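*Asks:* Just one file: model.csv, with CSV, C-alpha atoms.
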chain,number,residue,atom,x,y,z
A,11,MET,CA,88.5,120.3,118.2
A,12,GLU,CA,88.1,118.3,121.4
A,13,ASN,CA,91.3,116.9,122.9
A,14,SER,CA,89.8,113.4,122.7
A,15,ASN,CA,89.9,113.7,118.9
A,16,LYS,CA,93.6,114.4,118.7
A,17,VAL,CA,95.8,111.6,117.4
A,18,ARG,CA,98.1,110.5,120.2
A,19,ILE,CA,101.6,109.8,119.2
A,20,GLY,CA,104.6,108.0,120.7
A,21,LEU,CA,108.1,108.9,119.5
A,22,ILE,CA,110.9,106.3,119.4
A,23,GLY,CA,114.3,108.0,119.1
A,24,ALA,CA,115.1,111.4,120.7
A,25,GLY,CA,118.2,112.2,118.5
A,26,ASN,CA,118.5,114.7,115.7
A,27,ILE,CA,115.7,113.5,113.5
A,28,GLY,CA,113.5,112.8,116.5
A,29,ASN,CA,113.9,116.4,117.5
A,30,VAL,CA,112.8,117.5,114.0
A,31,HIS,CA,109.6,115.5,114.4
A,32,LEU,CA,109.0,117.1,117.8
A,33,GLN,CA,109.3,120.5,116.3
A,34,GLU,CA,107.1,119.8,113.3
A,35,PHE,CA,104.3,117.8,114.9
A,36,GLY,CA,104.3,120.5,117.6
A,37,LYS,CA,103.0,122.9,115.0
A,38,LEU,CA,99.9,120.7,114.6
A,39,ALA,CA,98.8,120.8,118.2
A,40,GLU,CA,95.1,121.2,117.1
A,41,ILE,CA,95.1,117.7,115.6
A,42,CYS,CA,97.8,115.7,117.3
A,43,GLU,CA,99.9,115.4,120.4
A,44,ILE,CA,103.2,113.6,121.2
A,45,VAL,CA,102.4,112.0,124.5
A,46,ALA,CA,105.3,109.7,125.1
A,47,ILE,CA,108.9,109.4,124.1
A,48,THR,CA,111.8,106.9,124.5
A,49,ASP,CA,115.4,106.5,123.5
A,50,THR,CA,118.2,104.0,124.1
A,51,TYR,CA,119.8,106.8,126.0
A,52,LEU,CA,117.0,107.7,128.4
A,53,PRO,CA,118.5,111.0,129.7
A,54,LEU,CA,118.2,112.4,126.2
A,55,ALA,CA,114.5,111.3,126.1
A,56,GLU,CA,113.9,112.9,129.5
A,57,ALA,CA,115.5,116.1,128.4
A,58,ARG,CA,113.3,116.3,125.2
A,59,ALA,CA,110.2,115.5,127.3
A,60,GLN,CA,111.0,118.4,129.6
A,61,GLN,CA,111.8,120.7,126.7
A,62,TYR,CA,108.6,119.9,124.7
A,63,GLY,CA,106.2,119.2,127.6
A,64,ILE,CA,105.8,115.5,126.8
A,65,GLU,CA,103.8,113.8,129.6
A,66,SER,CA,105.6,110.5,129.7
A,67,VAL,CA,109.0,108.9,129.1
A,68,ALA,CA,108.8,105.2,128.3
A,69,PRO,CA,111.6,102.9,129.7
A,70,THR,CA,111.9,101.0,126.4
A,71,PRO,CA,110.5,101.2,122.8
A,72,GLN,CA,108.4,98.0,123.5
A,73,ALA,CA,106.8,99.6,126.6
A,74,LEU,CA,105.9,102.6,124.5
A,75,ILE,CA,104.5,100.4,121.7
A,76,GLU,CA,102.3,98.4,124.1
A,77,ARG,CA,100.6,101.5,125.6
A,78,LEU,CA,96.9,101.3,124.9
A,79,ASP,CA,96.4,105.1,124.9
A,80,ILE,CA,98.7,105.7,121.8
A,81,ASP,CA,97.3,105.7,118.3
A,82,ALA,CA,100.5,106.1,116.3
A,83,VAL,CA,104.3,105.7,116.6
A,84,ILE,CA,107.2,107.6,114.9
A,85,VAL,CA,110.2,105.4,114.4
A,86,ALA,CA,113.3,107.7,114.3
A,87,VAL,CA,116.2,105.4,115.1
A,88,PRO,CA,119.1,103.9,113.2
A,89,ASN,CA,118.2,101.9,110.1
A,90,GLN,CA,118.8,98.4,111.5
A,91,SER,CA,115.8,98.8,114.0
A,92,HIS,CA,113.3,100.2,111.5
A,93,ALA,CA,111.7,96.9,110.6
A,94,SER,CA,111.5,95.3,114.1
A,95,LEU,CA,110.0,98.4,115.7
A,96,THR,CA,107.6,99.1,112.8
A,97,ILE,CA,106.3,95.5,112.7
A,98,SER,CA,105.9,95.4,116.5
A,99,ALA,CA,103.9,98.6,116.4
A,100,LEU,CA,101.7,97.3,113.7
A,101,GLU,CA,101.1,94.1,115.6
A,102,HIS,CA,100.0,96.2,118.6
A,103,GLY,CA,97.5,98.1,116.5
A,104,LYS,CA,99.5,101.3,115.9
A,105,HIS,CA,99.9,103.4,112.8
A,106,VAL,CA,103.6,104.1,112.0
A,107,LEU,CA,105.6,106.9,110.5
A,108,VAL,CA,109.1,105.5,109.8
A,109,GLU,CA,112.2,107.3,108.8
A,110,LYS,CA,113.9,106.4,105.5
A,111,PRO,CA,115.1,104.0,104.4
A,112,MET,CA,112.0,101.9,105.4
A,113,GLY,CA,114.1,98.8,105.8
A,114,LEU,CA,117.7,97.9,106.1
A,115,ASP,CA,117.2,95.8,102.9
A,116,SER,CA,114.4,94.5,100.7
A,117,ALA,CA,113.8,91.4,102.9
A,118,ALA,CA,113.1,93.7,105.9
A,119,ALA,CA,111.0,96.0,103.7
A,120,LYS,CA,108.9,93.0,102.5
A,121,ASP,CA,108.4,92.0,106.2
A,122,ILE,CA,107.0,95.5,106.9
A,123,VAL,CA,104.7,95.3,103.8
A,124,ARG,CA,103.3,92.0,104.9
A,125,ALA,CA,102.8,93.2,108.5
A,126,GLN,CA,101.1,96.4,107.2
A,127,GLN,CA,98.7,94.4,105.0
A,128,LYS,CA,97.8,92.1,107.8
A,129,SER,CA,97.2,94.9,110.3
A,130,GLY,CA,95.3,97.3,108.0
A,131,LYS,CA,97.1,100.1,109.7
A,132,THR,CA,98.9,103.1,108.1
A,133,VAL,CA,102.7,102.9,107.3
A,134,MET,CA,104.2,106.0,105.9
A,135,VAL,CA,107.8,106.6,105.0
A,136,ALA,CA,109.1,110.1,106.1
A,137,HIS,CA,110.3,111.4,102.7
A,138,GLN,CA,110.0,115.1,103.2
A,139,MET,CA,111.5,116.1,99.7
A,140,ARG,CA,108.2,115.3,98.0
A,141,TRP,CA,106.6,117.9,100.1
A,142,GLU,CA,108.9,120.8,99.2
A,143,TRP,CA,107.1,123.6,97.2
A,144,LEU,CA,109.2,123.0,94.1
A,145,PRO,CA,108.4,119.3,93.5
A,146,GLN,CA,104.8,120.0,94.4
A,147,LEU,CA,104.6,122.8,91.8
A,148,VAL,CA,106.3,120.7,89.1
A,149,LYS,CA,104.1,117.7,89.8
A,150,ALA,CA,101.0,119.8,89.4
A,151,GLN,CA,102.2,120.8,85.9
A,152,ILE,CA,103.1,117.2,85.1
A,153,ASP,CA,99.6,116.1,86.1
A,154,ARG,CA,98.2,118.7,83.7
A,155,GLY,CA,100.2,117.1,80.9
A,156,GLU,CA,102.7,120.0,80.4
A,157,LEU,CA,105.7,117.7,80.0
A,158,GLY,CA,103.8,115.0,78.0
A,159,HIS,CA,105.3,111.5,78.4
A,160,ILE,CA,108.3,111.5,80.7
A,161,TYR,CA,110.5,108.9,79.0
A,162,THR,CA,113.7,109.4,81.0
A,163,ALA,CA,115.1,111.2,84.0
A,164,LYS,CA,118.3,111.8,85.8
A,165,THR,CA,118.7,112.5,89.5
A,166,GLY,CA,121.5,112.7,92.0
A,167,TRP,CA,123.2,114.3,94.9
A,168,TYR,CA,127.0,114.7,94.8
A,169,ARG,CA,128.4,115.7,98.2
A,170,ARG,CA,132.1,116.6,97.7
A,171,LYS,CA,133.3,116.2,101.3
A,172,GLY,CA,130.4,114.8,103.4
A,173,ILE,CA,131.0,111.4,104.9
A,174,PRO,CA,128.8,111.4,108.1
A,175,GLY,CA,129.9,110.0,111.4
A,176,TRP,CA,132.9,108.0,110.2
A,177,GLY,CA,133.2,104.7,112.2
A,178,THR,CA,129.7,105.0,113.7
A,179,TRP,CA,126.5,103.1,112.6
A,180,PHE,CA,126.4,105.4,109.5
A,181,THR,CA,129.4,103.8,107.9
A,182,GLN,CA,128.8,100.2,109.0
A,183,HIS,CA,126.9,98.1,106.5
A,184,GLY,CA,125.3,95.9,109.1
A,185,GLN,CA,123.7,98.8,110.9
A,186,SER,CA,123.0,101.3,108.0
A,187,GLY,CA,122.5,99.0,105.0
A,188,GLY,CA,125.0,101.0,103.0
A,189,GLY,CA,126.5,104.4,102.3
A,190,PRO,CA,125.3,107.4,100.3
A,191,LEU,CA,123.1,105.1,98.2
A,192,ILE,CA,120.8,104.2,101.1
A,193,ASP,CA,121.4,107.5,103.0
A,194,ILE,CA,120.7,110.2,100.4
A,195,GLY,CA,120.1,108.1,97.2
A,196,VAL,CA,116.9,106.9,98.7
A,197,HIS,CA,115.6,110.5,98.9
A,198,MET,CA,116.4,111.1,95.2
A,199,LEU,CA,114.8,107.8,94.1
A,200,ASP,CA,111.6,108.6,95.9
A,201,LEU,CA,111.5,112.1,94.5
A,202,ALA,CA,112.2,111.0,91.0
A,203,PHE,CA,109.5,108.3,91.1
A,204,PHE,CA,107.0,110.8,92.5
A,205,LEU,CA,107.6,113.2,89.6
A,206,MET,CA,107.7,110.5,86.9
A,207,GLY,CA,104.3,109.3,87.9
A,208,GLU,CA,105.3,106.2,90.0
A,209,PRO,CA,106.4,103.8,87.1
A,210,LYS,CA,107.2,100.2,88.1
A,211,PRO,CA,110.9,99.5,88.0
A,212,VAL,CA,111.9,96.1,86.7
A,213,SER,CA,115.7,96.0,86.3
A,214,VAL,CA,118.8,97.8,87.5
A,215,TYR,CA,122.5,98.1,86.4
A,216,GLY,CA,124.8,99.8,88.8
A,217,SER,CA,128.2,100.3,90.3
A,218,THR,CA,129.5,101.4,93.7
A,219,TYR,CA,132.9,102.7,94.8
A,220,ALA,CA,134.7,103.3,98.1
A,221,GLU,CA,137.7,105.5,97.3
A,222,PHE,CA,137.6,107.9,100.3
A,223,GLY,CA,136.0,106.3,103.4
A,224,PRO,CA,138.5,103.5,103.9
A,225,ARG,CA,141.3,106.0,103.9
A,226,LYS,CA,139.5,108.3,106.3
A,227,LYS,CA,139.2,111.0,103.6
A,228,GLY,CA,136.2,113.0,102.6
A,229,ILE,CA,134.9,113.5,106.2
A,230,GLY,CA,131.9,115.8,106.6
A,231,SER,CA,130.6,117.8,109.5
A,232,TRP,CA,127.5,115.6,110.3
A,233,GLY,CA,127.9,113.3,113.3
A,234,LYS,CA,130.8,112.7,115.6
A,235,PRO,CA,133.5,110.3,114.2
A,236,ASP,CA,134.6,107.2,116.0
A,237,TRP,CA,138.1,106.7,114.7
A,238,ASN,CA,138.2,103.2,116.3
A,239,GLY,CA,135.1,102.2,114.3
A,240,THR,CA,134.9,100.7,110.8
A,241,TYR,CA,134.0,101.9,107.3
A,242,ASP,CA,132.6,99.1,105.0
A,243,VAL,CA,130.2,101.0,102.8
A,244,GLU,CA,130.5,102.8,99.5
A,245,ASP,CA,131.1,106.6,99.1
A,246,LEU,CA,129.8,106.8,95.5
A,247,ALA,CA,127.1,105.0,93.6
A,248,THR,CA,125.8,105.2,90.1
A,249,ALA,CA,122.9,103.3,88.4
A,250,ILE,CA,120.4,103.1,85.6
A,251,ILE,CA,116.9,101.8,86.4
A,252,LYS,CA,114.6,100.5,83.7
A,253,MET,CA,110.8,100.6,84.1
A,254,GLU,CA,108.0,98.3,82.9
A,255,ASP,CA,106.7,101.1,80.6
A,256,GLY,CA,110.2,101.5,78.9
A,257,SER,CA,111.1,104.7,80.7
A,258,SER,CA,114.4,104.9,82.6
A,259,LEU,CA,116.1,106.7,85.5
A,260,THR,CA,119.7,107.5,86.1
A,261,LEU,CA,120.9,107.9,89.7
A,262,GLU,CA,124.2,109.3,90.9
A,263,VAL,CA,125.1,110.0,94.5
A,264,SER,CA,128.2,110.5,96.6
A,265,TRP,CA,129.3,111.3,100.1
A,266,ALA,CA,132.8,112.3,98.8
A,267,VAL,CA,134.1,112.9,95.3
A,268,HIS,CA,136.7,115.1,93.5
A,269,MET,CA,134.4,117.1,91.2
A,270,ASP,CA,133.0,120.5,90.7
A,271,THR,CA,129.8,120.3,92.7
A,272,ASP,CA,127.9,122.5,95.1
A,273,SER,CA,126.5,119.4,96.9
A,274,THR,CA,122.9,120.2,96.0
A,275,PRO,CA,120.3,117.5,95.1
A,276,PHE,CA,119.0,117.7,91.5
A,277,VAL,CA,116.4,116.1,89.2
A,278,HIS,CA,116.2,116.4,85.4
A,279,LEU,CA,112.9,115.3,83.8
A,280,MET,CA,112.8,114.8,80.1
A,281,GLY,CA,109.3,114.6,78.5
A,282,SER,CA,107.9,114.6,75.0
A,283,GLU,CA,106.4,118.1,75.3
A,284,GLY,CA,108.7,119.7,77.9
A,285,GLY,CA,111.3,119.1,80.5
A,286,ALA,CA,111.9,120.3,84.1
A,287,PHE,CA,115.0,120.9,86.1
A,288,LEU,CA,115.0,121.0,89.9
A,289,LYS,CA,118.1,121.8,92.0
A,290,GLY,CA,117.7,122.6,95.6
A,291,ASN,CA,115.1,125.4,95.7
A,292,GLU,CA,115.6,126.5,92.1
A,293,GLY,CA,113.7,125.1,89.2
A,294,LYS,CA,112.6,125.8,85.6
A,295,PHE,CA,110.5,124.3,82.8
A,296,LEU,CA,112.1,123.8,79.5
A,297,THR,CA,110.1,123.5,76.2
A,298,GLU,CA,110.1,124.7,72.6
A,299,ARG,CA,107.9,127.5,71.1
A,300,PHE,CA,108.0,129.0,67.6
A,301,ASP,CA,111.0,126.7,66.8
A,302,GLN,CA,113.0,128.3,69.7
A,303,PRO,CA,114.0,126.8,73.1
A,304,VAL,CA,112.1,128.4,76.0
A,305,ASP,CA,113.0,128.3,79.7
A,306,ILE,CA,110.4,129.3,82.3
A,307,PRO,CA,111.8,129.9,85.9
A,308,LEU,CA,109.7,128.6,88.8
A,309,ILE,CA,108.8,131.0,91.6
A,310,ALA,CA,108.3,130.0,95.2
A,311,PRO,CA,104.9,130.7,96.7
A,312,ILE,CA,104.6,133.7,99.0
A,313,GLU,CA,103.4,131.5,101.8
A,314,ASP,CA,104.5,127.9,102.4
A,315,GLU,CA,104.2,126.1,105.7
A,316,GLY,CA,107.2,123.9,105.0
A,317,ALA,CA,107.7,120.3,103.8
A,318,ARG,CA,107.9,118.6,107.2
A,319,VAL,CA,104.7,120.2,108.4
A,320,LYS,CA,102.9,119.1,105.2
A,321,LEU,CA,104.4,115.6,105.6
A,322,SER,CA,103.2,115.5,109.3
A,323,ARG,CA,99.7,116.7,108.4
A,324,HIS,CA,99.4,114.1,105.6
A,325,PHE,CA,100.3,111.3,108.1
A,326,ILE,CA,97.7,112.5,110.6
A,327,ASP,CA,95.1,112.7,107.7
A,328,CYS,CA,95.9,109.1,106.7
A,329,VAL,CA,95.6,107.9,110.3
A,330,ARG,CA,92.2,109.5,110.6
A,331,THR,CA,90.7,108.6,107.2
A,332,GLY,CA,92.4,105.4,106.3
A,333,GLN,CA,93.7,106.7,103.0
A,334,THR,CA,97.0,105.3,101.7
A,335,PRO,CA,99.9,107.7,102.2
A,336,ILE,CA,101.7,108.9,99.1
A,337,THR,CA,104.9,107.5,100.6
A,338,SER,CA,103.3,104.1,101.4
A,339,ALA,CA,105.0,100.9,102.6
A,340,GLU,CA,105.0,99.8,98.9
A,341,THR,CA,107.1,102.9,97.9
A,342,GLY,CA,109.5,102.1,100.7
A,343,LEU,CA,109.8,98.5,99.4
A,344,ARG,CA,110.5,99.9,95.9
A,345,SER,CA,113.4,101.9,97.1
A,346,ASN,CA,114.8,99.0,99.0
A,347,LEU,CA,114.5,96.7,96.0
A,348,ILE,CA,116.4,99.1,93.8
A,349,ILE,CA,119.1,99.8,96.4
A,350,ASP,CA,119.7,96.0,96.9
A,351,ALA,CA,119.8,95.5,93.2
A,352,ILE,CA,122.4,98.3,92.7
A,353,TYR,CA,124.6,96.6,95.3
A,354,GLU,CA,124.1,93.2,93.7
A,355,SER,CA,124.8,94.6,90.2
A,356,SER,CA,128.0,96.2,91.4
A,357,ARG,CA,129.1,92.9,92.9
A,358,THR,CA,128.2,90.7,89.9
A,359,GLY,CA,128.8,93.2,87.1
A,360,GLY,CA,125.5,92.4,85.5
A,361,GLU,CA,121.9,93.6,85.2
A,362,VAL,CA,119.6,92.6,88.1
A,363,LYS,CA,115.9,91.9,87.8
A,364,LEU,CA,113.7,93.1,90.7
A,365,ASP,CA,111.8,90.5,92.6
A,366,TRP,CA,108.5,92.0,93.8
A,367,THR,CA,107.0,88.8,95.3
A,368,LEU,CA,106.2,89.1,99.0
What is this file in structure tokens?

*Replies:*
Amino acid sequence: MENSNKVRIGLIGAGNIGNVHLQEFGKLAEICEIVAITDTYLPLAEARAQQYGIESVAPTPQALIERLDIDAVIVAVPNQSHASLTISALEHGKHVLVEKPMGLDSAAAKDIVRAQQKSGKTVMVAHQMRWEWLPQLVKAQIDRGELGHIYTAKTGWYRRKGIPGWGTWFTQHGQSGGGPLIDIGVHMLDLAFFLMGEPKPVSVYGSTYAEFGPRKKGIGSWGKPDWNGTYDVEDLATAIIKMEDGSSLTLEVSWAVHMDTDSTPFVHLMGSEGGAFLKGNEGKFLTERFDQPVDIPLIAPIEDEGARVKLSRHFIDCVRTGQTPITSAETGLRSNLIIDAIYESSRTGGEVKLDWTL
């Protein structure tokens, strides 16, 4: 392939997740190239540029977005800036891969969807869990009808002692949008909806709790704490989501909790003809044969290029062909609507109907 055919990418955010994108897109050098990078802390962007051979360091995100020689932008910054940077990139004719959650809240997510529809460009949310071999294998069997009608599911991720970056943007609602619900719950929501066949959620009932963070308990190893900072988010959330077709999904997530947990994400799928259980990289089908329960373990493929590479390749394919990403802006809005509704339900004590109007 000629160099002129490569998709040229600019990366906004040189931190941990930005570094992951540099590594993974670097494996696809035949179809794309990261040609510019920026960060609020420019020395970090300069160090990454030197490390990965990136030709240009932009002084600001806006300067990067306005470059005419860039086709697509990766937004890998704290949640509060996702919408403004994504919308600006769309208005300047760029395709966008944005980290999760797509928006700080559903209002920001709706702004992104409107901007995407107006621009006609690609917006993809970077939900890598869909691309792991296990969910892909389970989804292939679901699409063949092996589970029948999936009428309910349960998903969650209980971290026992895992509050990240206490006092930093992670634990400040105005910058993060919430605690474990928007941090790791958004992953489990997206994965469950993928496996359930993308049903339309219509109402939510939920509760959130902050029993650890305000007391500076349950601190994890991710991020450097700022003990002079604040903690005004939840550390556990639980909810039930009802769908238009009558199916339901239960969600349970925590950053910190006193329970017997190995801190591994899980999904239970319950169908009329069979079920599936996914936990980390282990999974099985569950069904009934000859009046007996039958469990079938799922085996990893011998060769798998990895979820993040598959995600990156899908983004490039969508940019080049115009196809809608499987984690489109609409799926990002769905997650934000549900998360907002869980917070509202916890505040009001009642069921919350989802408002899909743009």

*Asks:* When distances are computed from only C-alpha atoms, which of A:Ala247, A:Ala57, A:Ala82, A:Ala119 shows the smallest separation from Gly188 of chain A?

*Replies:*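 Ranking A:Ala247, A:Ala57, A:Ala82, A:Ala119 by distance to Gly188 of chain A, first place goes to A:Ala247.
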
*Asks:* Rank A:Leu78, A:Ile194, A:Ala351, A:Ala220 by their smallest atom-to-atom distance to His137 of chain A, using all atoms listed in the file, and report the top residue only.

*Replies:* A:Ile194

*Asks:* Write out as a PDB file with C-alpha atoms, in the frame of the given file the residues lying within 9 Å of Ile348 of chain A, counting all atoms listed in the file and excluding same-chain residues fewer than 4 positions away.

*Replies:*
ATOM      1  CA  SER A 116     114.400  94.500 100.700  1.00  0.00           C
ATOM      2  CA  LEU A 199     114.800 107.800  94.100  1.00  0.00           C
ATOM      3  CA  PRO A 211     110.900  99.500  88.000  1.00  0.00           C
ATOM      4  CA  VAL A 212     111.900  96.100  86.700  1.00  0.00           C
ATOM      5  CA  SER A 213     115.700  96.000  86.300  1.00  0.00           C
ATOM      6  CA  VAL A 214     118.800  97.800  87.500  1.00  0.00           C
ATOM      7  CA  ILE A 251     116.900 101.800  86.400  1.00  0.00           C
ATOM      8  CA  LEU A 343     109.800  98.500  99.400  1.00  0.00           C
ATOM      9  CA  ARG A 344     110.500  99.900  95.900  1.00  0.00           C
ATOM     10  CA  ILE A 352     122.400  98.300  92.700  1.00  0.00           C
ATOM     11  CA  TYR A 353     124.600  96.600  95.300  1.00  0.00           C
ATOM     12  CA  LEU A 364     113.700  93.100  90.700  1.00  0.00           C
TER      13      LEU A 364
END

*Asks:* Please determine, counting only C-alpha atoms, which residue among A:Leu157, A:Ala39, A:Val87, A:Ala73 has the shortest atom-to-atom distance to Lys16 of chain A.

*Replies:*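 Of all the options, A:Ala39 lies closest to Lys16 of chain A.
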
*Asks:* For Thr260 of chain A, which of A:His324, A:His31, A:Lys164, A:Lys171 is the closest residue, counting all atoms listed in the file?

*Replies:*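 Using all atoms listed in the file, the shortest distance to Thr260 of chain A belongs to A:Lys164.
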
*Asks:* Which one is closest to Gly20 of chain A: A:Asp245, A:Arg77, A:Thr50, A:Gly36? Count only C-alpha atoms.

*Replies:* A:Arg77

*Asks:* Could you tell me how far atom CA of Gly189 of chain A lies from atom CA of Val30 of chain A, in Å and to one decimal?

*Replies:*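 Calculated distance between atom CA of Gly189 of chain A and atom CA of Val30 of chain A is 22.3 Å.
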
*Asks:* Can you pull out every residue within 10 Å of Ser91 of chain A, counting all atoms listed in the file, but drop anything in the same chain fewer than 3 positions away, and send it as a list in words?

*Replies:*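 Residues meeting the cut-off are Val85, Ala86, Val87, Pro88, Ser94, Leu95, Thr96, Met112, Gly113, Leu114, Ala118, Gln185 and Ser186 of chain A.
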
*Asks:* So the first atom is atom CA of Thr248 of chain A and the second is atom CA of Met269 of chain A; what is the distance between them in Å, to one decimal place?

*Replies:* 14.7 Å

*Asks:* For Leu38 of chain A, which of A:Glu142, A:Glu354, A:Glu65, A:Asp327 is the closest residue, counting all atoms listed in the file?

*Replies:*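 When distances to Leu38 of chain A are compared using all atoms listed in the file, the smallest one comes from A:Asp327.
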
*Asks:* Extract, using only C-alpha atoms, all DNA, RNA and protein residues at most 12 Å from Tyr161 of chain A, discarding same-chain residues fewer than 3 positions from it, and format them as a ChimeraX atom specification.

*Replies:* /A:157-158,164,205-207,209,252-260,278-285

*Asks:* Find the residues around Asp242 of chain A up to 7 Å (only C-alpha atoms counted), leave out those fewer than 3 positions away in its own chain, and share them as a CSV table (one decimal) with C-alpha atoms, in the coordinates of the input.

*Replies:*
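Below is the file that was written, around_7.csv:
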chain,number,residue,atom,x,y,z
A,181,THR,CA,129.4,103.8,107.9
A,182,GLN,CA,128.8,100.2,109.0
A,183,HIS,CA,126.9,98.1,106.5

*Asks:* Can you measure atom CA of Gln61 of chain A to atom CA of Ser231 of chain A for me? One decimal in Å is fine.

*Replies:* 25.6 Å

*Asks:* Got a sec: who's within 8 Å of Trp167 of chain A, counting all atoms listed in the file, leaving out chain neighbours fewer than 5 positions off, as a ChimeraX atom specification?

*Replies:* /A:194-195,198,262-264,273-276

*Asks:* Would you save the residues of that selection, restricted to C-alpha atoms, as a short mmCIF file (atom, residue, chain, number, x, y, z; two decimals), in the frame of the given file?

*Replies:*
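Written file, part.cif:
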data_model
loop_
_atom_site.label_atom_id
_atom_site.label_comp_id
_atom_site.auth_asym_id
_atom_site.auth_seq_id
_atom_site.Cartn_x
_atom_site.Cartn_y
_atom_site.Cartn_z
CA ILE A 194 120.70 110.20 100.40
CA GLY A 195 120.10 108.10 97.20
CA MET A 198 116.40 111.10 95.20
CA GLU A 262 124.20 109.30 90.90
CA VAL A 263 125.10 110.00 94.50
CA SER A 264 128.20 110.50 96.60
CA SER A 273 126.50 119.40 96.90
CA THR A 274 122.90 120.20 96.00
CA PRO A 275 120.30 117.50 95.10
CA PHE A 276 119.00 117.70 91.50
#
